[in-house]
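Peer 1: If it helps, the file is called query12.cif and holds mmCIF, C-alpha atoms:
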data_start
loop_
_atom_site.label_atom_id
_atom_site.label_comp_id
_atom_site.auth_asym_id
_atom_site.auth_seq_id
_atom_site.Cartn_x
_atom_site.Cartn_y
_atom_site.Cartn_z
CA MET A 161 4.17 42.04 16.15
CA THR A 162 6.49 39.31 14.86
CA ASP A 163 8.76 39.69 11.85
CA LEU A 164 6.29 37.62 9.81
CA GLY A 165 3.41 39.82 10.89
CA ILE A 166 5.37 42.96 10.04
CA ALA A 167 6.15 41.57 6.58
CA PHE A 168 2.44 40.80 6.07
CA LYS A 169 1.51 44.36 7.01
CA ASP A 170 4.15 45.75 4.65
CA VAL A 171 2.59 43.77 1.78
CA PHE A 172 -1.13 44.05 2.53
CA GLY A 173 -1.41 47.22 4.63
CA ARG A 174 -3.05 45.61 7.66
CA ALA A 175 -2.20 43.22 10.47
CA PRO A 176 -2.70 39.47 10.05
CA GLU A 177 -5.19 37.53 12.14
CA GLY A 178 -2.60 34.88 12.94
CA CYS A 179 0.62 33.14 11.91
CA TRP A 180 1.26 29.44 11.36
CA ALA A 181 4.17 27.15 10.44
CA ALA A 182 4.47 23.73 8.80
CA PRO A 183 7.73 21.80 8.37
CA GLY A 184 9.41 20.06 5.51
CA ARG A 185 10.34 16.46 6.09
CA VAL A 186 13.13 13.94 5.69
CA ASN A 187 12.08 10.39 4.88
CA LEU A 188 14.35 8.17 6.94
CA ILE A 189 13.30 5.04 5.02
CA GLY A 190 10.31 3.96 2.92
CA GLU A 191 10.61 5.56 -0.51
CA HIS A 192 7.93 5.18 -3.21
CA THR A 193 6.00 2.87 -0.91
CA ASP A 194 3.25 5.30 0.08
CA TYR A 195 1.33 5.14 -3.20
CA ASN A 196 1.68 1.36 -3.02
CA ASP A 197 -0.26 1.21 0.29
CA GLY A 198 2.97 0.47 2.14
CA HIS A 199 5.03 1.65 5.11
CA VAL A 200 6.98 4.91 5.50
CA LEU A 201 9.10 6.44 8.27
CA PRO A 202 9.56 10.21 7.84
CA PHE A 203 10.34 12.88 10.40
CA ALA A 204 9.73 16.63 10.38
CA LEU A 205 12.55 19.09 9.82
CA PRO A 206 13.15 22.26 11.82
CA GLN A 207 12.96 24.10 8.48
CA THR A 208 9.42 25.40 7.98
CA THR A 209 7.13 27.34 5.70
CA ARG A 210 5.41 30.10 7.64
CA ALA A 211 2.18 31.88 6.75
CA ALA A 212 0.63 35.09 8.07
CA VAL A 213 -3.05 35.17 7.16
CA ALA A 214 -6.11 37.39 7.32
CA ARG A 215 -9.55 36.64 5.92
CA ARG A 216 -11.21 38.58 3.09
CA ASP A 217 -14.94 38.92 2.36
CA ASP A 218 -14.74 39.98 -1.30
CA GLY A 219 -14.06 36.60 -2.92
CA LEU A 220 -10.36 37.22 -3.56
CA LEU A 221 -7.35 35.10 -2.64
CA ARG A 222 -4.19 37.21 -2.57
CA VAL A 223 -0.91 35.44 -1.88
CA HIS A 224 2.64 36.70 -1.59
CA SER A 225 5.94 34.96 -0.90
CA ALA A 226 9.14 36.48 0.39
CA ASP A 227 10.98 33.78 -1.55
CA MET A 228 9.35 34.13 -4.97
CA ASP A 229 9.57 36.86 -7.58
CA GLY A 230 6.51 38.53 -9.01
CA GLY A 231 4.79 40.28 -6.12
CA VAL A 232 1.23 39.56 -5.00
CA VAL A 233 -0.74 36.95 -6.96
CA GLU A 234 -4.47 37.72 -6.97
CA LEU A 235 -7.06 35.05 -7.80
CA ARG A 236 -10.86 34.97 -7.66
CA VAL A 237 -12.06 32.20 -5.37
CA ASP A 238 -15.05 31.39 -7.60
CA ASP A 239 -12.73 30.97 -10.62
CA LEU A 240 -10.47 28.38 -9.00
CA ALA A 241 -10.57 25.05 -10.86
CA PRO A 242 -8.24 22.09 -11.47
CA GLY A 243 -5.81 22.71 -14.30
CA THR A 244 -5.74 26.49 -13.89
CA GLY A 245 -2.08 27.00 -13.07
CA ALA A 246 -0.78 30.09 -11.32
CA GLY A 247 2.88 29.21 -10.79
CA TRP A 248 3.78 28.64 -7.14
CA ALA A 249 0.39 30.10 -6.14
CA THR A 250 -1.28 27.02 -7.63
CA TYR A 251 -0.58 25.18 -4.36
CA PRO A 252 -2.42 27.51 -1.94
CA ALA A 253 -5.17 27.94 -4.54
CA ALA A 254 -5.50 24.16 -4.72
CA VAL A 255 -5.87 23.91 -0.94
CA LEU A 256 -8.59 26.57 -0.83
CA TRP A 257 -10.47 24.90 -3.71
CA THR A 258 -10.23 21.48 -2.05
CA LEU A 259 -11.50 22.75 1.30
CA ARG A 260 -14.49 24.34 -0.44
CA GLU A 261 -15.12 21.20 -2.49
CA ALA A 262 -15.21 19.27 0.79
CA GLY A 263 -18.03 21.53 1.94
CA GLN A 264 -15.97 23.65 4.31
CA PRO A 265 -17.03 27.32 4.73
CA VAL A 266 -13.70 28.76 3.63
CA GLY A 267 -13.48 32.06 1.76
CA GLY A 268 -10.88 34.46 0.45
CA ALA A 269 -7.76 35.54 2.26
CA ASP A 270 -4.55 37.53 2.20
CA ILE A 271 -1.55 35.29 2.85
CA HIS A 272 2.14 36.13 3.14
CA TYR A 273 4.62 33.25 3.19
CA ASP A 274 8.27 32.78 3.93
CA SER A 275 10.17 29.51 4.02
CA THR A 276 13.44 27.89 5.01
CA VAL A 277 12.54 24.55 3.37
CA PRO A 278 14.75 24.08 0.29
CA VAL A 279 12.61 24.17 -2.86
CA GLY A 280 13.18 21.21 -5.16
CA GLY A 281 15.34 19.47 -2.58
CA GLY A 282 13.12 16.44 -2.11
CA LEU A 283 12.25 17.71 1.37
CA SER A 284 8.57 18.41 0.77
CA SER A 285 8.50 22.16 0.34
CA SER A 286 5.20 21.83 -1.53
CA ALA A 287 3.62 19.77 1.27
CA ALA A 288 4.74 22.33 3.85
CA LEU A 289 3.11 25.07 1.77
CA GLN A 290 -0.13 23.09 1.45
CA VAL A 291 -0.33 22.08 5.10
CA VAL A 292 0.35 25.53 6.53
CA THR A 293 -2.31 26.97 4.21
CA ALA A 294 -4.89 24.34 5.15
CA LEU A 295 -4.20 24.69 8.87
CA ALA A 296 -4.41 28.49 8.80
CA LEU A 297 -7.54 28.72 6.65
CA GLY A 298 -9.19 25.94 8.61
CA GLU A 299 -8.55 27.51 12.01
CA LEU A 300 -9.61 30.98 10.85
CA HIS A 301 -12.89 29.63 9.47
CA GLY A 302 -13.65 27.28 12.34
CA VAL A 303 -13.07 24.07 10.36
CA ARG A 304 -12.90 21.11 12.74
CA THR A 305 -10.73 18.45 11.17
CA GLY A 306 -8.13 16.02 12.47
CA ARG A 307 -4.55 16.23 11.34
CA GLN A 308 -4.71 13.07 9.19
CA GLU A 309 -7.85 14.34 7.49
CA LEU A 310 -6.10 17.65 6.87
CA ALA A 311 -3.21 15.77 5.27
CA LEU A 312 -5.63 13.84 3.04
CA LEU A 313 -7.24 17.11 1.94
CA CYS A 314 -3.81 18.45 1.02
CA GLN A 315 -2.97 15.26 -0.88
CA ARG A 316 -6.23 15.59 -2.81
CA SER A 317 -5.40 19.18 -3.66
CA GLU A 318 -2.13 18.08 -5.24
CA ASN A 319 -3.62 15.01 -6.95
CA VAL A 320 -6.73 16.65 -8.39
CA TYR A 321 -5.95 20.37 -8.70
CA VAL A 322 -2.20 20.38 -9.35
CA GLY A 323 -2.26 17.08 -11.23
CA ALA A 324 0.62 15.35 -9.42
CA PRO A 325 -0.14 11.71 -8.42
CA VAL A 326 1.69 11.91 -5.07
CA GLY A 327 1.03 9.70 -2.05
CA VAL A 328 0.02 10.98 1.37
CA MET A 329 3.34 10.63 3.21
CA ASP A 330 4.64 14.18 2.80
CA GLN A 331 1.48 15.92 3.92
CA THR A 332 1.03 13.53 6.85
CA ALA A 333 4.59 14.08 8.02
CA SER A 334 4.22 17.85 7.86
CA ALA A 335 0.90 17.76 9.72
CA CYS A 336 1.43 14.96 12.24
CA CYS A 337 5.09 14.49 13.25
CA THR A 338 6.22 15.12 16.83
CA GLU A 339 9.53 16.39 18.14
CA GLY A 340 12.17 13.72 18.74
CA HIS A 341 10.35 11.06 16.76
CA ALA A 342 10.00 9.54 13.33
CA LEU A 343 6.45 8.80 12.18
CA HIS A 344 5.61 5.24 11.17
CA LEU A 345 2.66 5.54 8.82
CA ASP A 346 0.97 2.44 7.49
CA VAL A 347 -0.56 4.04 4.43
CA ARG A 348 -3.21 1.40 3.77
CA GLY A 349 -5.02 1.89 7.06
CA LEU A 350 -3.45 5.26 7.95
CA GLU A 351 -2.38 3.93 11.33
CA GLN A 352 0.30 6.08 12.91
CA ARG A 353 2.96 5.46 15.52
CA GLN A 354 5.55 7.92 16.77
CA VAL A 355 8.90 6.07 16.94
CA PRO A 356 11.58 7.61 19.21
CA LEU A 357 14.58 8.84 17.20
CA ASP A 358 17.19 10.15 19.63
CA LEU A 359 20.12 10.97 17.38
CA ALA A 360 22.03 13.29 19.72
CA GLY A 361 21.64 10.97 22.70
CA ASN A 362 23.37 8.24 20.71
CA GLY A 363 26.23 10.43 19.50
CA LEU A 364 24.85 10.66 15.98
CA THR A 365 23.96 13.33 13.46
CA LEU A 366 21.76 12.91 10.40
CA LEU A 367 23.25 15.11 7.69
CA VAL A 368 21.16 16.25 4.76
CA ALA A 369 22.91 17.21 1.54
CA ASP A 370 20.65 19.12 -0.84
CA THR A 371 22.36 18.58 -4.19
CA ARG A 372 20.56 21.61 -5.70
CA VAL A 373 19.62 19.35 -8.63
CA LYS A 374 15.95 20.16 -9.14
CA HIS A 375 13.13 17.74 -9.75
CA ALA A 376 9.35 18.00 -10.16
CA HIS A 377 6.81 15.42 -9.01
CA ALA A 378 4.37 16.61 -11.62
CA ASP A 379 6.59 15.52 -14.50
CA GLY A 380 6.05 12.32 -16.45
CA ALA A 381 8.71 10.29 -14.64
CA TYR A 382 6.88 10.14 -11.32
CA ALA A 383 3.57 9.33 -12.96
CA SER A 384 5.24 6.61 -15.03
CA LEU A 385 6.67 4.96 -11.92
CA ARG A 386 3.30 4.93 -10.20
CA ALA A 387 1.62 3.54 -13.30
CA GLY A 388 4.29 0.83 -13.51
CA CYS A 389 3.67 -0.22 -9.92
CA GLU A 390 -0.05 -0.34 -10.53
CA ALA A 391 0.51 -2.42 -13.68
CA ALA A 392 2.67 -4.87 -11.73
CA ALA A 393 0.01 -5.26 -9.03
CA SER A 394 -2.66 -5.76 -11.68
CA ALA A 395 -0.55 -8.42 -13.44
CA LEU A 396 -0.30 -10.25 -10.12
CA GLY A 397 -4.02 -9.92 -9.46
CA LEU A 398 -3.45 -7.86 -6.32
CA PRO A 399 -4.88 -4.53 -5.09
CA SER A 400 -1.36 -3.11 -4.68
CA LEU A 401 2.26 -4.17 -4.35
CA ARG A 402 1.77 -3.91 -0.57
CA ASP A 403 0.12 -7.32 -0.89
CA VAL A 404 3.29 -9.04 -2.11
CA SER A 405 4.89 -10.56 0.99
CA HIS A 406 8.65 -10.55 1.36
CA ASP A 407 8.62 -14.36 1.48
CA GLY A 408 6.53 -14.45 -1.69
CA LEU A 409 8.71 -12.03 -3.64
CA ALA A 410 10.56 -14.61 -5.73
CA ALA A 411 7.34 -16.20 -6.92
CA ALA A 412 5.84 -12.79 -7.71
CA LEU A 413 8.88 -11.79 -9.76
CA ASP A 414 8.65 -15.03 -11.75
CA ALA A 415 5.02 -14.25 -12.55
CA LEU A 416 5.64 -10.76 -13.94
CA PRO A 417 5.88 -10.29 -17.71
CA ASP A 418 8.88 -7.96 -18.05
CA GLU A 419 12.04 -6.79 -16.32
CA ARG A 420 10.84 -3.25 -15.55
CA LEU A 421 7.85 -4.48 -13.59
CA ARG A 422 10.09 -6.94 -11.76
CA ARG A 423 12.48 -4.15 -10.77
CA LEU A 424 9.71 -1.89 -9.50
CA THR A 425 8.13 -4.71 -7.52
CA ARG A 426 11.42 -5.82 -5.98
CA HIS A 427 12.10 -2.31 -4.70
CA VAL A 428 8.66 -1.78 -3.17
CA VAL A 429 8.58 -5.15 -1.41
CA THR A 430 12.12 -4.94 -0.05
CA GLU A 431 11.66 -1.29 0.94
CA ASN A 432 8.61 -2.17 3.02
CA ARG A 433 10.76 -4.77 4.78
CA ARG A 434 13.48 -2.17 5.35
CA VAL A 435 10.98 0.12 7.10
CA GLU A 436 10.05 -2.75 9.41
CA ASP A 437 13.72 -3.53 10.04
CA VAL A 438 14.57 0.08 10.93
CA ILE A 439 11.63 0.34 13.33
CA ALA A 440 12.68 -2.91 15.04
CA LEU A 441 16.24 -1.62 15.44
CA LEU A 442 15.07 1.72 16.83
CA ASP A 443 12.76 -0.03 19.27
CA ALA A 444 15.69 -2.16 20.41
CA GLY A 445 17.86 0.90 20.98
CA ARG A 446 20.21 -0.12 18.16
CA ILE A 447 20.08 3.14 16.23
CA ARG A 448 23.60 2.82 14.82
CA ASP A 449 22.64 -0.47 13.19
CA ILE A 450 20.12 1.20 10.90
CA GLY A 451 23.00 2.55 8.79
CA PRO A 452 23.40 -0.50 6.50
CA VAL A 453 19.63 -0.63 6.01
CA LEU A 454 19.64 2.97 4.79
CA THR A 455 22.44 2.19 2.35
CA ALA A 456 20.61 -0.89 1.07
CA GLY A 457 17.63 1.36 0.41
CA HIS A 458 19.77 3.63 -1.73
CA LEU A 459 21.08 0.76 -3.81
CA SER A 460 17.52 -0.39 -4.41
CA LEU A 461 16.39 3.09 -5.44
CA ARG A 462 19.43 3.42 -7.70
CA ASP A 463 19.36 0.02 -9.37
CA ASP A 464 15.77 -1.24 -9.21
CA PHE A 465 13.67 1.93 -9.14
CA GLN A 466 16.27 3.92 -11.09
CA VAL A 467 15.42 7.29 -9.55
CA SER A 468 18.87 8.29 -8.33
CA CYS A 469 21.28 10.49 -10.27
CA PRO A 470 25.08 10.97 -10.41
CA GLU A 471 25.04 13.78 -7.84
CA LEU A 472 23.06 11.74 -5.30
CA ASP A 473 25.29 8.70 -5.84
CA LEU A 474 28.35 10.90 -5.35
CA VAL A 475 27.07 12.23 -2.03
CA VAL A 476 26.23 8.73 -0.77
CA ASP A 477 29.54 7.20 -1.82
CA THR A 478 31.57 10.11 -0.44
CA ALA A 479 29.77 10.08 2.91
CA LEU A 480 30.25 6.34 3.32
CA ASP A 481 33.91 6.62 2.40
CA ARG A 482 34.50 9.25 5.11
CA GLY A 483 32.82 7.46 8.01
CA ALA A 484 29.03 7.60 7.61
CA LEU A 485 27.28 4.54 9.04
CA GLY A 486 24.74 4.62 6.24
CA ALA A 487 23.54 6.95 3.49
CA ARG A 488 20.84 7.14 0.85
CA MET A 489 18.89 9.47 -1.37
CA THR A 490 15.65 10.72 0.16
CA GLY A 491 12.51 11.95 -1.53
CA GLY A 492 11.08 11.16 -4.93
CA GLY A 493 14.40 11.15 -6.74
CA PHE A 494 15.63 12.64 -10.04
CA GLY A 495 17.69 15.04 -7.94
CA GLY A 496 16.99 16.50 -4.53
CA SER A 497 18.72 15.41 -1.34
CA ALA A 498 20.65 12.58 0.25
CA ILE A 499 20.96 11.76 3.94
CA ALA A 500 23.87 10.31 5.90
CA LEU A 501 23.86 8.84 9.40
CA VAL A 502 27.15 10.05 10.87
CA PRO A 503 28.88 9.68 14.25
CA VAL A 504 29.29 13.15 15.73
CA GLU A 505 33.08 12.91 15.62
CA SER A 506 32.95 12.22 11.85
CA VAL A 507 30.63 15.09 10.94
CA PRO A 508 33.41 17.58 10.00
CA ALA A 509 35.18 15.05 7.77
CA VAL A 510 31.98 13.94 6.03
CA THR A 511 30.77 17.50 5.57
CA GLU A 512 34.10 18.67 4.16
CA ALA A 513 34.39 15.71 1.78
CA VAL A 514 30.84 16.01 0.44
CA GLN A 515 31.21 19.77 -0.01
CA ALA A 516 34.48 19.26 -1.89
CA ALA A 517 32.94 16.57 -4.09
CA LEU A 518 29.81 18.62 -4.83
CA PRO A 519 30.48 22.32 -4.17
CA ALA A 520 26.91 23.36 -4.99
CA ALA A 521 25.44 21.16 -2.25
CA ARG A 522 23.79 22.69 0.81
CA ILE A 523 24.59 20.55 3.86
CA PHE A 524 22.86 20.74 7.24
CA ALA A 525 21.98 18.58 10.22
CA ALA A 526 18.40 17.36 10.49
CA THR A 527 16.74 17.26 13.92
CA PRO A 528 13.39 15.44 14.34
CA SER A 529 10.98 18.32 14.95
CA ARG A 530 7.31 19.11 15.52
CA GLY A 531 4.60 19.15 12.90
CA ALA A 532 2.43 22.04 11.82
CA HIS A 533 1.36 24.51 14.50
CA ARG A 534 0.11 28.00 15.18
CA LEU A 535 2.83 30.47 16.07
CA PRO A 536 2.68 32.65 19.20
#
Starting from the coordinates I provided, produce the structure as structure tokens.

Peer 2:
Amino acid sequence: MTDLGIAFKDVFGRAPEGCWAAPGRVNLIGEHTDYNDGHVLPFALPQTTRAAVARRDDGLLRVHSADMDGGVVELRVDDLAPGTGAGWATYPAAVLWTLREAGQPVGGADIHYDSTVPVGGGLSSSAALQVVTALALGELHGVRTGRQELALLCQRSENVYVGAPVGVMDQTASACCTEGHALHLDVRGLEQRQVPLDLAGNGLTLLVADTRVKHAHADGAYASLRAGCEAAASALGLPSLRDVSHDGLAAALDALPDERLRRLTRHVVTENRRVEDVIALLDAGRIRDIGPVLTAGHLSLRDDFQVSCPELDLVVDTALDRGALGARMTGGGFGGSAIALVPVESVPAVTEAVQAALPAARIFAATPSRGAHRLP
């Protein structure tokens, strides 16, 4: 029995029926574009949330995390409903509720989790928790669903049950990414393409610096940004800001009624173009040339979308000063993590400088990894 299975047995007094894992993600480029029907380019991290699971037939959901205080959380499946918070256990409860609402024959379970995905780091720890839960419960109950559909179910669980108006990027990345690739997702049509991302073969490392500044997608700031983007699209008479072309940006900005809507629109439109630019450079084998595009994305998030913070700006500026080819914040913002594209020979200098500038930061190299899967 694996260490995860042993931990499950220690908590619940029986062996699990199986173990699964789902990764966190880094978004290489394409921030706050997913809920605007745009383009994103995330890749999966080697850091995962793991779940050992066994079914129950008494209508109870019992969940336990090695990383959370408070012991086993016990919930009645029939009592699950949107708005009924249960701390961290709200997320697996939301997934179970959403599967049942979709007509899937999913019942109670015992679930033990552990995770190496930093919580609050902007690296999609919540999506990893949702996806591993959905995959495990689905497989145990014979649910036949594709990975993109599974991601959409997880997004719905967070939108409707948790009450966070997130897009579908994080769940799709956790469910669908493949090793050695970034995932180009066109959110409007949900078309996917795996884009080769060979960092090591090009003498590069992508460093992640988790600032340890916490953020929460469910707070008012995220919802306000989404509402602002929707208001801008409505003012332009468009379904979403995805429909503003890069060539038509100047005219669109002139037509908007206030500066905040202009800032939000400018970021979304130029960020969609940056995703396209990065993909073109990767396809051409010019991976080092994506650095300036990443940095331009950070400046847009900082100045137009205004979701950066002093700690993220410090990491970006320090990394660039010590030899990074490009750097930017990643994730929803208001804290979390920054990434830096660094030549291998400059990794020690960048790491040392960032750690000295922000001692609380957790710094690690990100390797494009596989999406959610069942463990041996």

Peer 1: I need the output of the PyMOL selection byres ((chain A and resi 322) around 7) for this file as JSON, numbers by chain; which residues are they?

Peer 2: {"A": [242, 243, 250, 254, 317, 318, 319, 320, 321, 323, 324]}

Peer 1: My list of candidates is A:Pro206, A:Gly231, A:Gly388, A:Gly397. Which is closest to Phe172 in chain A when distances are computed with only C-alpha atoms?

Peer 2: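 Using only C-alpha atoms, the shortest distance to Phe172 in chain A belongs to A:Gly231.
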
Peer 1: Determine the residue membership of the PyMOL selection byres ((chain A and resi 177) around 10) for the file above and supply it as a PyMOL selection string.

Peer 2: chain A and resi 165+174-176+178-179+212-215+270+296+300

Peer 1: Could you tell me which of A:Ala182, A:Leu345, A:Ile450, A:Val255 comes closest to Leu201 in chain A if we count only C-alpha atoms?

Peer 2: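 Selected residue with least distance to Leu201 in chain A: A:Leu345.
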
Peer 1: Just so the selection is clear, what residues does the PyMOL selection byres ((chain A and resi 425) around 8) cover here, as a PyMOL selection string?

Peer 2: chain A and resi 389+392+401+413+421-424+426-429

Peer 1: May I have the residues from that selection written out with C-alpha atoms, as a compact mmCIF listing (two decimals), in the coordinates of the input?

Peer 2:
# COMPACT_ATOMS: atom_id res chain seq x y z
CA CYS A 389 3.67 -0.22 -9.92
CA ALA A 392 2.67 -4.87 -11.73
CA LEU A 401 2.26 -4.17 -4.35
CA LEU A 413 8.88 -11.79 -9.76
CA LEU A 421 7.85 -4.48 -13.59
CA ARG A 422 10.09 -6.94 -11.76
CA ARG A 423 12.48 -4.15 -10.77
CA LEU A 424 9.71 -1.89 -9.50
CA ARG A 426 11.42 -5.82 -5.98
CA HIS A 427 12.10 -2.31 -4.70
CA VAL A 428 8.66 -1.78 -3.17
CA VAL A 429 8.58 -5.15 -1.41

Peer 1: Kindly give the distance, in Å, that separates CA of Asp346 in chain A and CA of Tyr195 in chain A, rounded to a single decimal.

Peer 2: 11.0 Å

Peer 1: Enter the distance from CA of Asp443 in chain A to CA of Gln354 in chain A, in Å, rounded to one decimal.

Peer 2: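 These two atoms are separated by 11.0 Å.
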
Peer 1: Leaving out range 457-464 of chain A and any residue of its chain fewer than 2 positions from it, which residues lie within 7 Å of it when counting only C-alpha atoms, given as a PDB file with C-alpha atoms, in the coordinates of the input?

Peer 2:
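Output saved as result35.pdb:
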ATOM      1  CA  ARG A 423      12.480  -4.150 -10.770  1.00  0.00           C
ATOM      2  CA  LEU A 424       9.710  -1.890  -9.500  1.00  0.00           C
ATOM      3  CA  HIS A 427      12.100  -2.310  -4.700  1.00  0.00           C
ATOM      4  CA  GLU A 431      11.660  -1.290   0.940  1.00  0.00           C
ATOM      5  CA  VAL A 453      19.630  -0.630   6.010  1.00  0.00           C
ATOM      6  CA  LEU A 454      19.640   2.970   4.790  1.00  0.00           C
ATOM      7  CA  THR A 455      22.440   2.190   2.350  1.00  0.00           C
ATOM      8  CA  GLN A 466      16.270   3.920 -11.090  1.00  0.00           C
ATOM      9  CA  VAL A 467      15.420   7.290  -9.550  1.00  0.00           C
ATOM     10  CA  SER A 468      18.870   8.290  -8.330  1.00  0.00           C
ATOM     11  CA  ARG A 488      20.840   7.140   0.850  1.00  0.00           C
ATOM     12  CA  MET A 489      18.890   9.470  -1.370  1.00  0.00           C
TER      13      MET A 489
END

Peer 1: Taking into account all atoms listed in the file, which residue in the set A:Ala342, A:Leu364, A:Leu297, A:Ala411 is nearest to Arg534 in chain A?

Peer 2: A:Leu297

Peer 1: Can you build me a table of range 418-495 of chain A residues sitting at most 8 Å from range 513-526 of chain A, with the closest atom pair per residue and its distance in Å to one decimal, using only C-alpha atoms, sorted by chain and residue number, as JSON lines?

Peer 2:
{"residue": "A:Glu471", "atom": "CA", "partner": "A:Leu518", "partner_atom": "CA", "distance": 7.4}
{"residue": "A:Leu474", "atom": "CA", "partner": "A:Ala517", "partner_atom": "CA", "distance": 7.4}
{"residue": "A:Val475", "atom": "CA", "partner": "A:Val514", "partner_atom": "CA", "distance": 5.9}
{"residue": "A:Thr478", "atom": "CA", "partner": "A:Val514", "partner_atom": "CA", "distance": 6.0}
{"residue": "A:Ala479", "atom": "CA", "partner": "A:Val514", "partner_atom": "CA", "distance": 6.5}
{"residue": "A:Arg482", "atom": "CA", "partner": "A:Ala513", "partner_atom": "CA", "distance": 7.3}

Peer 1: Let's have the selection written as a CSV table (one decimal), keeping the file's coordinate frame, with C-alpha atoms.

Peer 2:
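Below you can see result_21.csv, which holds the result:
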chain,number,residue,atom,x,y,z
A,471,GLU,CA,25.0,13.8,-7.8
A,474,LEU,CA,28.4,10.9,-5.4
A,475,VAL,CA,27.1,12.2,-2.0
A,478,THR,CA,31.6,10.1,-0.4
A,479,ALA,CA,29.8,10.1,2.9
A,482,ARG,CA,34.5,9.2,5.1

Peer 1: Which protein, DNA or RNA residues have an atom at most 12 Å from (-15.2, 32.8, -9.7), counting all atoms listed in the file? List them as a PDB file with C-alpha atoms, in the frame of the given file.

Peer 2:
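So the final result, stored in part_19.pdb, reads:
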ATOM      1  CA  ASP A 218     -14.740  39.980  -1.300  1.00  0.00           C
ATOM      2  CA  GLY A 219     -14.060  36.600  -2.920  1.00  0.00           C
ATOM      3  CA  LEU A 220     -10.360  37.220  -3.560  1.00  0.00           C
ATOM      4  CA  LEU A 221      -7.350  35.100  -2.640  1.00  0.00           C
ATOM      5  CA  LEU A 235      -7.060  35.050  -7.800  1.00  0.00           C
ATOM      6  CA  ARG A 236     -10.860  34.970  -7.660  1.00  0.00           C
ATOM      7  CA  VAL A 237     -12.060  32.200  -5.370  1.00  0.00           C
ATOM      8  CA  ASP A 238     -15.050  31.390  -7.600  1.00  0.00           C
ATOM      9  CA  ASP A 239     -12.730  30.970 -10.620  1.00  0.00           C
ATOM     10  CA  LEU A 240     -10.470  28.380  -9.000  1.00  0.00           C
ATOM     11  CA  ALA A 241     -10.570  25.050 -10.860  1.00  0.00           C
ATOM     12  CA  TRP A 257     -10.470  24.900  -3.710  1.00  0.00           C
ATOM     13  CA  GLY A 267     -13.480  32.060   1.760  1.00  0.00           C
ATOM     14  CA  GLY A 268     -10.880  34.460   0.450  1.00  0.00           C
TER      15      GLY A 268
END

Peer 1: CA of Arg434 in chain A and CA of Asp449 in chain A are how many Å apart?

Peer 2: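 CA of Arg434 in chain A sits 12.2 Å away from CA of Asp449 in chain A.
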
Peer 1: Ranking A:Ser400, A:Val232, A:Ala287, A:Tyr382 by minimum distance to Val171 in chain A and counting all atoms listed in the file, which one comes first?

Peer 2: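 Distance minimum relative to Val171 in chain A lands on A:Val232.
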